[in-house]
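What follows is the content of run.cif (mmCIF, C-alpha atoms).
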```
data_structure
#
loop_
_atom_site.label_atom_id
_atom_site.label_comp_id
_atom_site.auth_asym_id
_atom_site.auth_seq_id
_atom_site.Cartn_x
_atom_site.Cartn_y
_atom_site.Cartn_z
CA MET R 1 -6.36 11.85 4.36
CA ILE R 2 -10.03 11.05 3.73
CA ILE R 3 -10.50 8.06 1.43
CA HIS R 4 -13.77 6.82 -0.04
CA GLY R 5 -14.31 3.40 -1.56
CA VAL R 6 -15.77 3.07 -5.06
CA ILE R 7 -17.06 -0.34 -6.20
CA PRO R 8 -18.31 -0.45 -9.82
CA ALA R 9 -20.45 -3.50 -10.48
CA ALA R 10 -22.95 -2.43 -13.10
CA GLY R 11 -22.45 -5.46 -15.33
CA LYS R 12 -24.96 -8.29 -15.42
CA GLY R 13 -22.47 -11.15 -15.10
CA SER R 14 -23.87 -12.64 -18.30
CA ARG R 15 -20.97 -15.07 -18.72
CA LEU R 16 -21.79 -16.52 -15.30
CA GLY R 17 -25.39 -17.05 -16.33
CA MET R 18 -26.81 -16.05 -12.93
CA GLY R 19 -28.63 -12.87 -13.87
CA ILE R 20 -27.33 -10.85 -10.92
CA PRO R 21 -24.37 -8.48 -10.45
CA LYS R 22 -21.14 -10.35 -9.91
CA PHE R 23 -20.54 -8.84 -6.49
CA LEU R 24 -23.78 -10.49 -5.28
CA VAL R 25 -22.87 -14.01 -6.46
CA PRO R 26 -22.48 -16.30 -3.40
CA ILE R 27 -18.89 -17.45 -2.89
CA LYS R 28 -19.13 -19.58 0.24
CA ARG R 29 -21.77 -20.03 2.94
CA ASN R 30 -23.89 -17.21 1.53
CA ILE R 31 -20.87 -14.87 1.53
CA THR R 32 -20.72 -12.65 -1.54
CA THR R 33 -17.84 -10.74 -3.08
CA LEU R 34 -19.44 -7.56 -1.75
CA ASP R 35 -19.32 -8.97 1.78
CA LEU R 36 -15.62 -9.70 1.33
CA LEU R 37 -14.82 -6.28 -0.11
CA ARG R 38 -16.69 -4.56 2.70
CA ARG R 39 -14.59 -6.47 5.19
CA ARG R 40 -11.36 -5.50 3.41
CA PHE R 41 -12.23 -1.81 3.09
CA GLU R 42 -14.04 -0.91 6.31
CA PRO R 43 -10.90 -0.17 8.36
CA TYR R 44 -9.58 2.29 5.78
CA VAL R 45 -12.44 4.19 4.10
CA THR R 46 -15.01 6.53 5.61
CA HIS R 47 -17.68 5.93 2.96
CA THR R 48 -18.26 3.55 0.07
CA HIS R 49 -20.05 4.23 -3.21
CA LEU R 50 -21.61 1.27 -5.04
CA ILE R 51 -22.38 1.59 -8.75
CA THR R 52 -24.81 -0.86 -10.27
CA ALA R 53 -27.33 -1.34 -13.07
CA PRO R 54 -30.92 -0.04 -12.71
CA GLU R 55 -32.45 -3.50 -12.34
CA ALA R 56 -30.02 -4.45 -9.55
CA ARG R 57 -30.59 -1.48 -7.29
CA SER R 58 -33.38 -3.15 -5.32
CA LEU R 59 -31.15 -6.17 -4.60
CA LEU R 60 -28.75 -4.19 -2.43
CA ASP R 61 -29.09 -3.63 1.30
CA LEU R 62 -27.01 -0.55 2.02
CA ARG R 63 -25.12 0.10 5.22
CA SER R 64 -25.11 3.50 6.91
CA ASN R 65 -21.74 4.40 5.40
CA GLU R 66 -22.71 3.45 1.82
CA SER R 67 -24.38 5.14 -1.13
CA ILE R 68 -25.65 3.65 -4.36
CA TYR R 69 -25.46 5.09 -7.86
CA VAL R 70 -27.02 3.74 -11.04
CA GLN R 71 -25.16 3.46 -14.33
CA ARG R 72 -28.05 3.88 -16.76
CA ARG R 73 -26.15 2.41 -19.70
CA ALA R 74 -23.31 -0.12 -19.50
CA GLN R 75 -20.59 2.14 -20.89
CA GLY R 76 -17.53 0.77 -19.14
CA MET R 77 -15.68 0.97 -15.85
CA GLY R 78 -14.39 4.49 -16.38
CA ASP R 79 -17.91 5.78 -16.87
CA ALA R 80 -19.09 3.80 -13.82
CA VAL R 81 -16.49 5.36 -11.51
CA PHE R 82 -17.59 8.86 -12.48
CA CYS R 83 -21.28 8.03 -12.07
CA ALA R 84 -20.55 8.36 -8.35
CA ARG R 85 -18.52 11.57 -8.60
CA GLU R 86 -21.07 13.69 -6.72
CA GLY R 87 -20.44 11.51 -3.69
CA TRP R 88 -16.65 11.76 -3.59
CA ILE R 89 -15.54 14.76 -5.64
CA ASN R 90 -15.63 17.26 -2.75
CA ALA R 91 -15.69 14.83 0.15
CA ALA R 92 -12.55 12.71 -0.27
CA ASP R 93 -8.86 13.31 -0.87
CA ALA R 94 -8.61 9.98 -2.70
CA ILE R 95 -10.81 7.15 -3.88
CA ALA R 96 -10.02 3.47 -3.53
CA ILE R 97 -11.54 1.87 -6.63
CA VAL R 98 -12.00 -1.89 -6.66
CA TRP R 99 -13.75 -3.98 -9.28
CA GLY R 100 -16.79 -5.76 -7.89
CA ASP R 101 -15.53 -9.25 -8.76
CA GLN R 102 -12.18 -9.24 -6.91
CA ALA R 103 -13.09 -11.75 -4.22
CA LEU R 104 -9.49 -12.84 -3.60
CA LEU R 105 -8.16 -9.35 -2.92
CA SER R 106 -6.46 -9.49 0.47
CA GLU R 107 -6.71 -7.05 3.35
CA GLN R 108 -2.90 -6.85 3.36
CA THR R 109 -2.88 -5.55 -0.21
CA VAL R 110 -5.57 -2.96 0.54
CA ARG R 111 -3.71 -1.76 3.65
CA HIS R 112 -0.34 -1.51 1.87
CA ALA R 113 -1.81 0.37 -1.10
CA ILE R 114 -3.63 2.91 1.04
CA ARG R 115 -0.65 3.52 3.32
CA MET R 116 1.63 4.00 0.33
CA HIS R 117 -0.80 6.48 -1.18
CA GLN R 118 -1.17 8.41 2.07
CA SER R 119 2.56 9.08 2.25
CA SER R 120 2.92 10.63 -1.21
CA VAL R 121 2.01 13.63 -3.35
CA SER R 122 -1.41 15.15 -4.14
CA ARG R 123 -1.89 13.87 -7.72
CA GLN R 124 -1.02 10.23 -7.99
CA ALA R 125 -2.28 6.72 -8.66
CA THR R 126 -1.22 3.78 -6.50
CA VAL R 127 -1.72 0.38 -8.14
CA PRO R 128 -0.79 -3.05 -6.71
CA LEU R 129 0.54 -5.34 -9.45
CA ALA R 130 1.15 -9.08 -9.71
CA HIS R 131 3.14 -11.28 -12.11
CA VAL R 132 0.72 -13.68 -13.79
CA VAL R 133 0.62 -16.25 -16.57
CA LEU R 134 -1.55 -15.27 -19.56
CA PRO R 135 -2.57 -11.86 -18.21
CA TYR R 136 -6.03 -10.58 -19.12
CA VAL R 137 -4.55 -7.10 -18.75
CA ASP R 138 -0.81 -6.57 -19.26
CA TYR R 139 1.07 -3.59 -17.79
CA ILE R 140 4.30 -2.54 -19.50
CA ILE R 141 6.55 -0.90 -16.91
CA SER R 142 9.90 0.78 -17.61
CA PRO R 143 12.59 -1.38 -15.95
CA ASN R 144 14.73 1.70 -15.26
CA SER R 145 12.28 4.35 -14.04
CA GLY R 146 9.33 2.22 -12.97
CA ASN R 147 7.08 4.45 -15.07
CA LEU R 148 3.97 3.04 -16.71
CA GLN R 149 4.50 2.87 -20.47
CA SER R 150 1.36 1.13 -21.73
CA ILE R 151 -1.51 -1.13 -20.73
CA ARG R 152 -2.64 -3.91 -23.05
CA GLN R 153 -6.19 -5.22 -22.76
CA SER R 154 -7.00 -8.54 -24.37
CA ARG R 155 -10.73 -7.70 -24.26
CA GLU R 156 -10.01 -4.82 -26.63
CA GLY R 157 -7.95 -6.96 -29.00
CA ASP R 158 -4.49 -6.11 -27.66
CA LYS R 159 -1.87 -8.84 -27.65
CA CYS R 160 -0.75 -9.60 -24.10
CA ARG R 161 2.42 -11.45 -23.17
CA LYS R 162 2.37 -15.12 -22.14
CA SER R 163 3.75 -14.02 -18.78
CA GLY R 164 3.19 -10.45 -17.73
CA ILE R 165 2.10 -7.96 -15.09
CA SER R 166 -1.54 -7.50 -14.12
CA ASP R 167 -3.38 -5.34 -11.61
CA VAL R 168 -5.47 -6.93 -8.87
CA GLY R 169 -8.48 -4.72 -9.53
CA LEU R 170 -7.51 -2.08 -6.93
CA PHE R 171 -6.58 1.52 -7.70
CA ILE R 172 -6.03 4.34 -5.19
CA VAL R 173 -6.36 7.66 -7.03
CA SER R 174 -6.18 11.25 -5.80
CA THR R 175 -9.35 13.26 -6.38
CA ASN R 176 -7.62 16.62 -6.83
CA GLY R 177 -8.20 17.48 -10.51
CA LEU R 178 -9.44 13.98 -11.31
CA TYR R 179 -12.80 14.90 -12.85
CA ASP R 180 -11.24 17.64 -14.97
CA ALA R 181 -8.70 15.10 -16.20
CA TRP R 182 -11.52 12.67 -17.06
CA ASN R 183 -13.30 15.31 -19.11
CA ASN R 184 -10.08 16.16 -20.96
CA PHE R 185 -9.37 12.48 -21.54
CA ASN R 186 -12.74 11.98 -23.18
CA LYS R 187 -12.08 14.84 -25.58
CA VAL R 188 -8.91 13.28 -26.97
CA CYS R 189 -9.21 9.51 -26.46
CA CYS R 190 -11.35 6.92 -28.16
CA ARG R 191 -13.63 4.27 -26.75
CA GLY R 192 -12.44 0.67 -26.59
CA ASN R 193 -11.67 -0.86 -29.97
CA LEU R 194 -13.93 -3.90 -29.48
CA THR R 195 -16.25 -3.03 -26.60
CA GLY R 196 -16.88 0.61 -27.44
CA GLU R 197 -16.68 1.34 -23.72
CA LEU R 198 -15.27 4.26 -21.73
CA ASN R 199 -12.59 2.21 -20.01
CA PHE R 200 -10.70 3.14 -16.87
CA LEU R 201 -7.30 1.66 -17.69
CA PRO R 202 -6.56 3.91 -20.70
CA PHE R 203 -7.52 6.82 -18.44
CA LEU R 204 -5.00 5.61 -15.86
CA LEU R 205 -2.33 5.65 -18.56
CA TYR R 206 -3.48 9.13 -19.64
CA LEU R 207 -3.01 10.41 -16.09
CA THR R 208 0.55 9.15 -15.88
CA LYS R 209 1.42 10.78 -19.19
CA ASN R 210 -0.02 14.10 -18.01
CA GLY R 211 1.90 14.74 -14.84
CA TRP R 212 0.35 12.31 -12.36
CA ARG R 213 2.68 10.07 -10.41
CA PHE R 214 2.27 6.32 -10.89
CA GLN R 215 3.46 4.11 -8.05
CA SER R 216 3.09 0.40 -7.64
CA PHE R 217 4.23 -2.54 -5.56
CA LYS R 218 4.36 -6.27 -6.15
CA VAL R 219 1.61 -8.44 -4.71
CA PRO R 220 3.28 -11.75 -3.81
CA ASN R 221 0.20 -13.93 -4.34
CA SER R 222 -0.82 -13.73 -7.99
CA LYS R 223 -4.18 -15.35 -7.20
CA GLU R 224 -5.40 -11.95 -6.05
CA ALA R 225 -5.43 -10.82 -9.69
CA ARG R 226 -8.15 -13.30 -10.65
CA GLY R 227 -11.58 -11.75 -10.94
CA ILE R 228 -14.83 -13.59 -11.52
CA ASN R 229 -15.86 -13.48 -15.17
CA THR R 230 -16.71 -17.10 -15.95
CA SER R 231 -17.89 -20.22 -14.15
CA ALA R 232 -14.28 -21.44 -14.17
CA ASP R 233 -13.21 -18.24 -12.41
CA LEU R 234 -15.93 -18.71 -9.82
CA ALA R 235 -14.84 -22.29 -9.16
CA PHE R 236 -11.23 -21.11 -8.78
CA VAL R 237 -12.22 -18.39 -6.31
CA ARG R 238 -14.32 -20.78 -4.24
CA GLN R 239 -11.44 -23.23 -4.08
CA ASN R 240 -8.87 -20.63 -3.06
CA LEU R 241 -10.84 -18.33 -0.78
CA GLU R 242 -9.81 -20.11 2.41
CA VAL R 243 -6.21 -18.92 2.06
CA TYR R 244 -7.48 -15.44 2.93
#
```
Take the structure in this file and express it as structure tokens.
Amino acid sequence: MIIHGVIPAAGKGSRLGMGIPKFLVPIKRNITTLDLLRRRFEPYVTHTHLITAPEARSLLDLRSNESIYVQRRAQGMGDAVFCAREGWINAADAIAIVWGDQALLSEQTVRHAIRMHQSSVSRQATVPLAHVVLPYVDYIISPNSGNLQSIRQSREGDKCRKSGISDVGLFIVSTNGLYDAWNNFNKVCCRGNLTGELNFLPFLLYLTKNGWRFQSFKVPNSKEARGINTSADLAFVRQNLEVY
């Protein structure tokens, strides 16, 4: 199975106040989140597609197995993933999507997710999940079937549980029929209630309700779920990075 990496990082990291994409923010000793994600992904993907804003393109030094795509308007993570579709749509059996601020994502989680995906059917989504306090995103999973029932997003005004289930910013998704599904999704589904964005997580739910298999596993270390959105998040990541 050929798997390509997709790293959307077209935001400006405005809440961090640094004026650069979050995956270029130094974590430790001039190591960025992008450096860490490259290290996690290199053993498992044949090519990686980076999606960024127009003004950040010149800041990136690409490797030979990387391509860059520009998201002209900040329209959400779903839109960002499909900005790179020309690179993966006919070249990969699956894409490993990871948000560009997931510095604490472990190599063990990446390896487990990809191996689980490789052993299953042609149209599926494999998503590592962690139990967290005050989830930013809250997955509601059927206790009997394990099926995904809904995804609540606090950034869109949804009420999340005090203790719930969150992703760790990693999604392995089959490419067979994926772009057609995205186009169909955008015909019937609305943009985010508060952000007005074309989000990825509602699309993930749409896939599972339209015949795609959803499979997940529990990530034992809930710290992997913490992305970098604020200065407090950055301080937390810097403090906890050594455990990886």
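One distance worth recording is that between atom CA of R:Gln102 and atom CA of R:Met77, which is 14.0 Å.
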For R:Lys223, which residue among R:Ser106, R:Asn90, R:Thr46, R:Asn147 is the nearest when counting only C-alpha atoms? R:Ser106
May I have the residues within 8 Å of R:Arg161 as a ChimeraX atom specification, using all atoms listed in the file and disregarding those fewer than 4 positions away in the same chain? /R:134-135,138
Resulting file, chosen residues, C-alpha atoms, as an mmCIF file, keeping the file's coordinate frame:
```
data_model
loop_
_atom_site.group_PDB
_atom_site.id
_atom_site.type_symbol
_atom_site.label_atom_id
_atom_site.label_comp_id
_atom_site.auth_asym_id
_atom_site.auth_seq_id
_atom_site.Cartn_x
_atom_site.Cartn_y
_atom_site.Cartn_z
ATOM 1 C CA LEU R 134 -1.550 -15.270 -19.560
ATOM 2 C CA PRO R 135 -2.570 -11.860 -18.210
ATOM 3 C CA ASP R 138 -0.810 -6.570 -19.260
#
```
Given the file shown, enumerate the residues that the PyMOL selection byres ((chain R and resi 78-82) around 9) captures and present them as number ranges by chain. R: 6-10, 51-52, 69-71, 74-77, 83-86, 97, 179, 182, 197-203
Atom-to-atom span, atom CA of R:Arg226 and atom CA of R:Thr109, Å: 14.0 Å
Mind running stretch 22-64 of chain R against stretch 238-243 of chain R at 10 Å and telling me each contacting residue's nearest atom pair with the distance in Å (one decimal), counting only C-alpha atoms, chain and number ascending, as CSV?
```
residue,atom,partner,partner_atom,distance
R:Pro26,CA,R:Arg238,CA,9.3
R:Ile27,CA,R:Arg238,CA,5.8
R:Lys28,CA,R:Arg238,CA,6.7
```
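Within the 12 Å cut-off around R:Ser64, using only C-alpha atoms and omitting residues fewer than 5 positions from it on the same chain, the listed residues are R:Glu42, R:Thr46, R:His47, R:Thr48, R:His49.
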Take the residues from that selection and put them in a file with C-alpha atoms, as a PDB file, keeping the file's coordinate frame.
```
ATOM      1  CA  GLU R  42     -14.040  -0.910   6.310  1.00  0.00           C
ATOM      2  CA  THR R  46     -15.010   6.530   5.610  1.00  0.00           C
ATOM      3  CA  HIS R  47     -17.680   5.930   2.960  1.00  0.00           C
ATOM      4  CA  THR R  48     -18.260   3.550   0.070  1.00  0.00           C
ATOM      5  CA  HIS R  49     -20.050   4.230  -3.210  1.00  0.00           C
TER       6      HIS R  49
END
```
Starting from the incomplete input, reconstruct N, CA and C atoms of stretch 172-192 of chain R and report them as a PDB file, keeping the file's coordinate frame.
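The new file result.pdb reads:
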```
ATOM      1  N   ILE R 172      -5.848   3.197  -6.090  1.00  0.00           N
ATOM      2  CA  ILE R 172      -6.030   4.340  -5.190  1.00  0.00           C
ATOM      3  C   ILE R 172      -5.640   5.584  -5.980  1.00  0.00           C
ATOM      4  N   VAL R 173      -6.576   6.506  -6.156  1.00  0.00           N
ATOM      5  CA  VAL R 173      -6.360   7.660  -7.030  1.00  0.00           C
ATOM      6  C   VAL R 173      -6.746   8.935  -6.313  1.00  0.00           C
ATOM      7  N   SER R 174      -5.881   9.942  -6.385  1.00  0.00           N
ATOM      8  CA  SER R 174      -6.180  11.250  -5.800  1.00  0.00           C
ATOM      9  C   SER R 174      -7.362  11.885  -6.516  1.00  0.00           C
ATOM     10  N   THR R 175      -8.186  12.617  -5.781  1.00  0.00           N
ATOM     11  CA  THR R 175      -9.350  13.260  -6.380  1.00  0.00           C
ATOM     12  C   THR R 175      -9.062  14.675  -6.870  1.00  0.00           C
ATOM     13  N   ASN R 176      -7.959  15.261  -6.435  1.00  0.00           N
ATOM     14  CA  ASN R 176      -7.620  16.620  -6.830  1.00  0.00           C
ATOM     15  C   ASN R 176      -7.402  16.700  -8.350  1.00  0.00           C
ATOM     16  N   GLY R 177      -8.309  17.346  -9.055  1.00  0.00           N
ATOM     17  CA  GLY R 177      -8.200  17.480 -10.510  1.00  0.00           C
ATOM     18  C   GLY R 177      -8.628  16.267 -11.285  1.00  0.00           C
ATOM     19  N   LEU R 178      -9.159  15.245 -10.623  1.00  0.00           N
ATOM     20  CA  LEU R 178      -9.440  13.980 -11.310  1.00  0.00           C
ATOM     21  C   LEU R 178     -10.593  14.111 -12.314  1.00  0.00           C
ATOM     22  N   TYR R 179     -11.663  14.784 -11.924  1.00  0.00           N
ATOM     23  CA  TYR R 179     -12.800  14.900 -12.850  1.00  0.00           C
ATOM     24  C   TYR R 179     -12.461  15.773 -14.054  1.00  0.00           C
ATOM     25  N   ASP R 180     -11.690  16.826 -13.841  1.00  0.00           N
ATOM     26  CA  ASP R 180     -11.240  17.640 -14.970  1.00  0.00           C
ATOM     27  C   ASP R 180     -10.397  16.811 -15.928  1.00  0.00           C
ATOM     28  N   ALA R 181      -9.539  15.969 -15.363  1.00  0.00           N
ATOM     29  CA  ALA R 181      -8.700  15.100 -16.200  1.00  0.00           C
ATOM     30  C   ALA R 181      -9.571  14.115 -16.987  1.00  0.00           C
ATOM     31  N   TRP R 182     -10.616  13.593 -16.364  1.00  0.00           N
ATOM     32  CA  TRP R 182     -11.520  12.670 -17.060  1.00  0.00           C
ATOM     33  C   TRP R 182     -12.209  13.352 -18.237  1.00  0.00           C
ATOM     34  N   ASN R 183     -12.658  14.570 -18.021  1.00  0.00           N
ATOM     35  CA  ASN R 183     -13.300  15.310 -19.110  1.00  0.00           C
ATOM     36  C   ASN R 183     -12.328  15.572 -20.250  1.00  0.00           C
ATOM     37  N   ASN R 184     -11.092  15.921 -19.919  1.00  0.00           N
ATOM     38  CA  ASN R 184     -10.080  16.160 -20.960  1.00  0.00           C
ATOM     39  C   ASN R 184      -9.738  14.873 -21.694  1.00  0.00           C
ATOM     40  N   PHE R 185      -9.653  13.794 -20.948  1.00  0.00           N
ATOM     41  CA  PHE R 185      -9.370  12.480 -21.540  1.00  0.00           C
ATOM     42  C   PHE R 185     -10.415  12.111 -22.582  1.00  0.00           C
ATOM     43  N   ASN R 186     -11.668  12.358 -22.268  1.00  0.00           N
ATOM     44  CA  ASN R 186     -12.740  11.980 -23.180  1.00  0.00           C
ATOM     45  C   ASN R 186     -12.826  12.868 -24.418  1.00  0.00           C
ATOM     46  N   LYS R 187     -12.143  13.988 -24.402  1.00  0.00           N
ATOM     47  CA  LYS R 187     -12.080  14.840 -25.580  1.00  0.00           C
ATOM     48  C   LYS R 187     -11.051  14.341 -26.593  1.00  0.00           C
ATOM     49  N   VAL R 188     -10.024  13.649 -26.097  1.00  0.00           N
ATOM     50  CA  VAL R 188      -8.910  13.280 -26.970  1.00  0.00           C
ATOM     51  C   VAL R 188      -8.757  11.782 -27.176  1.00  0.00           C
ATOM     52  N   CYS R 189      -9.420  10.962 -26.383  1.00  0.00           N
ATOM     53  CA  CYS R 189      -9.210   9.510 -26.460  1.00  0.00           C
ATOM     54  C   CYS R 189     -10.478   8.800 -26.937  1.00  0.00           C
ATOM     55  N   CYS R 190     -10.253   7.685 -27.569  1.00  0.00           N
ATOM     56  CA  CYS R 190     -11.350   6.920 -28.160  1.00  0.00           C
ATOM     57  C   CYS R 190     -11.888   5.884 -27.182  1.00  0.00           C
ATOM     58  N   ARG R 191     -13.082   5.392 -27.493  1.00  0.00           N
ATOM     59  CA  ARG R 191     -13.630   4.270 -26.750  1.00  0.00           C
ATOM     60  C   ARG R 191     -12.865   2.989 -27.109  1.00  0.00           C
ATOM     61  N   GLY R 192     -13.111   1.934 -26.349  1.00  0.00           N
ATOM     62  CA  GLY R 192     -12.440   0.670 -26.590  1.00  0.00           C
ATOM     63  C   GLY R 192     -12.650   0.160 -27.993  1.00  0.00           C
TER      64      GLY R 192
END
```
